[in-house]
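Chemist: Before we start, here is the structure in question, set down as structure tokens.
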Amino acid sequence: MTNANISGDESRKNDAMRKVEGEFIRGVSKFRHKLGKGSNFPSEPNRYHLFVALNCPWCHRVTLARNILGLEKSITMDIVFPNRTGEEDPIAEGLWEFNPDRIATLTGEILTECTRDTGTGKNYRLVKQIYEAVESNETSLPILYDKIQKTIVSNESSEIVRMLNQEASSLNSSLDNKVRPNLYPLGEINNKLRDMIDTFNHQIYENINNGAYRAGFSSNQEVYARAFSNYFDTLGELEDILNSDGRPFLTGENLTEADLRLFPTLFRHDPIYFLRMKLNGARILDFPNLWRWLCRLYAIPRVAESNSLIHCRQGYFGRSWNNVVPLGPISPMSYPEAYKHPELVIK
């Protein structure tokens with residue numbers, strides 16, 4: 001029985017029990033408004049703003065969509081520091097903060113991508129304050145924000161991605177409709193394709209995206225082992241699918257939402273998740289077709305600019321007990337430089 005089939009109280013009890021048993025449980029986003037016709041949030045260029053953390057894979061989906069769809073100029077964006085506040089913070093620890101002056105332990109310097117809050121007009125220091133302004137106690141990222149109504153549209157990454165895709169033209173994409181990818185094509189003619197995307201999305205979320213966190217943050221050996229097994233079994237299945245007919249993308253010839261959902265986790269796997277999430281069964285380099293797929297996506301214009309492995313390394317390892325960030329891997333070469341070399345795969 002899924003949580004969708006039971007009451008909210010029963011669902012919370014089930015989640016609480018799973019936490020007691022050592023399983024990582026992801027929170028549910030509460031802001032689920034839509035852009036477009038019939039909505040309180042019309043699709044207008046230069047009206048909306050994104051708040052993201054580059055180390056967060058859920059935010060990575062959104063920055064990928066924004067860039068691939070040609071919306072960098074019409075949707076503004078702010079970036080928090082990849083580590084959250086510490087115990088010395090006057091408000092609370094464990095909060096996302098806008099702090100472009102904070103020094104990263106990895107580099108010993110500021111991270112130039114980090115910004116102040118320029119979206120709300122209030123110059124908030126903490127993401128928590130954006131939520132408090134709309135009477136919410138949430139603290140998560142990403143956030144799609146309406147700069148005119150001064151409110152949150154959505155904080156559910158999958159729905160933000162789909163809205164940006166469907167409303168890209170109205171939001172004044174810099175890309176012509178003929179060349180801009182359609183990540184989730186509508187219409188009866190695309191029913192089978194959407195079914196395929198939906199199937200991939202479910203499998204990737206359960207076993208790869210969230211599966212990595214289930215493995216990395218589990219406090220129970222059996223729960224970890226199950227997540228580990230599901231993660232690598234699914235990688236093997238995806239490897240076989242890509243190998244079966246030489247397709248360039250998961251659903252065939254065209255880039256879709258399924259590819260965008262898989263990319264952030266695989267982008268992090270070799271340099272971060274292999275060690276930090278205890279997913280040391282294999283590297284993506286050990287899956288020739290998945291590695292070439294990863295390099296193929298990385299080569300798409302504006303994909304590389306959608307994220308930063310420095311932020312990712314700082315975010316995942318900089319919150320560990322000693323704040324020391326590993327410098328590798330450096331063989332066969334450093335990352336993300338390796339993503340420019342599909343020929344590195346083991347034959």
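Identifiers for the structure tokens are assigned positionally: chains receive A, B, ... in sequence, residues are indexed from 1 per chain, and ligands are indexed from 1 in the order shown.
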Residues near Gly119 (chain A), anyone? I mean within 7 Å using only C-alpha atoms, not counting same-chain ones fewer than 2 positions away, as JSON, numbers by chain.

Modeler: {"A": [49, 117, 121, 147]}

Chemist: Atoms to include: C-alpha atoms. Write the selected residues as a short mmCIF file (atom, residue, chain, number, x, y, z; two decimals), in the first residue's frame.

Modeler:
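As written to disk, part.cif reads:
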data_model
loop_
_atom_site.label_atom_id
_atom_site.label_comp_id
_atom_site.auth_asym_id
_atom_site.auth_seq_id
_atom_site.Cartn_x
_atom_site.Cartn_y
_atom_site.Cartn_z
CA HIS A 49 13.01 33.87 -9.99
CA ASP A 117 19.00 37.28 -2.20
CA GLY A 121 13.58 42.66 -2.69
CA LYS A 147 8.68 38.66 -7.98
#

Chemist: Could you give me, as a ChimeraX atom specification, each residue of region 79-142 of chain A that DSSP assigns to helix (DSSP H, G or I) when run on this structure's backbone?

Modeler: /A:127-132

Chemist: Fewer than 3 positions away in the same chain doesn't count, so skip those; otherwise give me all residues within 12 Å of Gly236 (chain A), counting only C-alpha atoms, as a PyMOL selection string.

Modeler: chain A and resi 207-208+229-233+239-243+281-284+286-290

Chemist: Can you tell me, as JSON, numbers by chain, which residues in region 115-160 of chain A count as strand (DSSP E or B) by DSSP?

Modeler: {"A": [126, 143, 144, 145, 146, 151, 152, 153, 154]}

Chemist: Store the residues picked out above in a file with N, CA and C atoms, as a PDB file, in the first residue's frame.

Modeler:
ATOM      1  N   LEU A 126      18.608  34.190   4.956  1.00  0.00           N
ATOM      2  CA  LEU A 126      18.284  32.770   5.036  1.00  0.00           C
ATOM      3  C   LEU A 126      17.106  32.416   4.136  1.00  0.00           C
ATOM      4  N   ILE A 143      13.288  26.831  -5.066  1.00  0.00           N
ATOM      5  CA  ILE A 143      12.064  27.627  -4.975  1.00  0.00           C
ATOM      6  C   ILE A 143      11.886  28.373  -6.297  1.00  0.00           C
ATOM      7  N   LEU A 144      10.680  28.281  -6.856  1.00  0.00           N
ATOM      8  CA  LEU A 144      10.285  29.154  -7.965  1.00  0.00           C
ATOM      9  C   LEU A 144       9.439  30.262  -7.366  1.00  0.00           C
ATOM     10  N   TYR A 145       9.875  31.501  -7.552  1.00  0.00           N
ATOM     11  CA  TYR A 145       9.318  32.655  -6.834  1.00  0.00           C
ATOM     12  C   TYR A 145       8.741  33.675  -7.808  1.00  0.00           C
ATOM     13  N   ASP A 146       7.573  34.224  -7.449  1.00  0.00           N
ATOM     14  CA  ASP A 146       6.932  35.282  -8.240  1.00  0.00           C
ATOM     15  C   ASP A 146       7.363  36.631  -7.683  1.00  0.00           C
ATOM     16  N   THR A 151       5.641  35.969  -3.683  1.00  0.00           N
ATOM     17  CA  THR A 151       5.230  34.715  -3.067  1.00  0.00           C
ATOM     18  C   THR A 151       5.862  33.531  -3.787  1.00  0.00           C
ATOM     19  N   ILE A 152       5.771  32.372  -3.174  1.00  0.00           N
ATOM     20  CA  ILE A 152       6.350  31.144  -3.722  1.00  0.00           C
ATOM     21  C   ILE A 152       5.347  30.474  -4.649  1.00  0.00           C
ATOM     22  N   VAL A 153       5.782  30.149  -5.849  1.00  0.00           N
ATOM     23  CA  VAL A 153       4.937  29.419  -6.788  1.00  0.00           C
ATOM     24  C   VAL A 153       5.033  27.922  -6.507  1.00  0.00           C
ATOM     25  N   SER A 154       6.256  27.409  -6.451  1.00  0.00           N
ATOM     26  CA  SER A 154       6.455  25.971  -6.268  1.00  0.00           C
ATOM     27  C   SER A 154       7.811  25.710  -5.641  1.00  0.00           C
TER      28      SER A 154
END

Chemist: My list of candidates is A:Gly216, A:Gly70, A:Gly86, A:Gly94. Which is closest to Leu279 (chain A) when distances are computed with only C-alpha atoms?

Modeler: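 Between A:Gly216, A:Gly70, A:Gly86, A:Gly94, the residue approaching Leu279 (chain A) most closely is A:Gly216.
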
Chemist: Record the distance separating CA of Ser174 (chain A) and CA of Thr76 (chain A), expressed in Å with one decimal.

Modeler: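 Separation of CA of Ser174 (chain A) and CA of Thr76 (chain A): 13.8 Å.
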
Chemist: Would you list the contacts of region 311-317 of chain A as a PyMOL selection string, taking every protein, DNA or RNA residue within 7 Å and counting only C-alpha atoms, but skipping same-chain residues closer than 5 positions in sequence?

Modeler: chain A and resi 54-55+82-83+104+106+272+323-325

Chemist: For Ile110 (chain A), list every protein, DNA or RNA residue within 8 Å, evaluated using only C-alpha atoms, and leave out those in the same chain fewer than 3 positions away; present the list as a PDB file with C-alpha atoms, in the first residue's frame.

Modeler:
ATOM      1  CA  PRO A 100      28.762  35.199  -1.117  1.00  0.00           C
ATOM      2  CA  ASP A 101      31.527  36.158   1.332  1.00  0.00           C
ATOM      3  CA  ARG A 102      31.767  32.755   3.029  1.00  0.00           C
ATOM      4  CA  ILE A 103      35.025  30.850   2.481  1.00  0.00           C
ATOM      5  CA  ALA A 104      34.907  27.297   1.121  1.00  0.00           C
ATOM      6  CA  THR A 107      39.358  26.141  -2.122  1.00  0.00           C
TER       7      THR A 107
END

Chemist: Write out as a PyMOL selection string the residues lying within 12 Å of Leu171 (chain A), counting only C-alpha atoms and excluding same-chain residues fewer than 6 positions away.

Modeler: chain A and resi 35-36+41-49+66+69-76+163-165

Chemist: Output the selection as a short mmCIF file (atom, residue, chain, number, x, y, z; two decimals), in the first residue's frame - C-alpha atoms for each residue.

Modeler:
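The file below, result.cif, is the result:
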data_model
loop_
_atom_site.label_atom_id
_atom_site.label_comp_id
_atom_site.auth_asym_id
_atom_site.auth_seq_id
_atom_site.Cartn_x
_atom_site.Cartn_y
_atom_site.Cartn_z
CA LEU A 35 2.17 28.57 -14.26
CA GLY A 36 0.00 29.36 -17.27
CA PHE A 41 0.69 32.88 -12.03
CA PRO A 42 0.67 33.85 -15.73
CA SER A 43 3.59 32.83 -17.91
CA GLU A 44 5.38 36.14 -18.31
CA PRO A 45 9.09 36.74 -19.00
CA ASN A 46 11.19 38.38 -16.27
CA ARG A 47 8.54 37.77 -13.63
CA TYR A 48 9.91 34.62 -12.01
CA HIS A 49 13.01 33.87 -9.99
CA ARG A 66 16.33 26.55 -17.21
CA LEU A 69 15.27 25.51 -22.52
CA GLY A 70 16.94 28.88 -23.07
CA LEU A 71 15.42 30.61 -20.04
CA GLU A 72 18.60 31.98 -18.41
CA LYS A 73 17.75 35.57 -19.33
CA SER A 74 14.02 35.50 -18.62
CA ILE A 75 14.15 33.69 -15.25
CA THR A 76 16.60 35.22 -12.78
CA MET A 163 6.20 23.92 -16.05
CA LEU A 164 9.32 25.50 -17.51
CA ASN A 165 9.16 23.08 -20.42
#

Chemist: Return the single residue from A:Leu250, A:Thr120, A:Leu235, A:Ile310 that is closest to Gly108 (chain A), with distances computed using only C-alpha atoms.

Modeler: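 Comparing A:Leu250, A:Thr120, A:Leu235, A:Ile310 against Gly108 (chain A), the winner is A:Ile310.
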
Chemist: Near region 188-202 of chain A, within 6 Å and counting only C-alpha atoms, which residues show up once chain neighbours fewer than 2 positions away are dropped, as JSON, numbers by chain?

Modeler: {"A": [204, 205, 258]}

Chemist: Next, dump the selected residues to file, keeping only C-alpha atoms, as a PDB file, in the first residue's frame.

Modeler:
ATOM      1  CA  ILE A 204      15.043   6.629 -11.608  1.00  0.00           C
ATOM      2  CA  TYR A 205      13.540   8.471  -8.660  1.00  0.00           C
ATOM      3  CA  ALA A 258      13.906  11.252 -17.985  1.00  0.00           C
TER       4      ALA A 258
END

Chemist: Which residue is closest to Tyr213 (chain A)? Choose from A:Asn172, A:Gln129, A:Thr265, A:Ser136 and count only C-alpha atoms.

Modeler: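 Using only C-alpha atoms, the shortest distance to Tyr213 (chain A) belongs to A:Thr265.
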
Chemist: Could you please determine the separation between CA of Arg261 (chain A) and CA of Val303 (chain A) in Å, to one decimal place?

Modeler: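 Computed distance, CA of Arg261 (chain A) to CA of Val303 (chain A), equals 13.2 Å.
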
Chemist: Go through A:Glu337, A:Leu309, A:Lys128, A:Ala168 and flag the residue nearest Pro271 (chain A), using only C-alpha atoms for the distances.

Modeler: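 When distances to Pro271 (chain A) are compared using only C-alpha atoms, the smallest one comes from A:Leu309.
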
Chemist: Just give me the gap between CA of Met277 (chain A) and CA of Ser219 (chain A) in Å, one decimal is fine.

Modeler: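 CA of Met277 (chain A) sits 12.0 Å away from CA of Ser219 (chain A).
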
Chemist: For Trp293 (chain A), which residue among A:Lys37, A:Lys150, A:Arg214, A:His341 is the nearest when counting only C-alpha atoms?

Modeler: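 Going through A:Lys37, A:Lys150, A:Arg214, A:His341 one by one, the smallest distance to Trp293 (chain A) is for A:His341.
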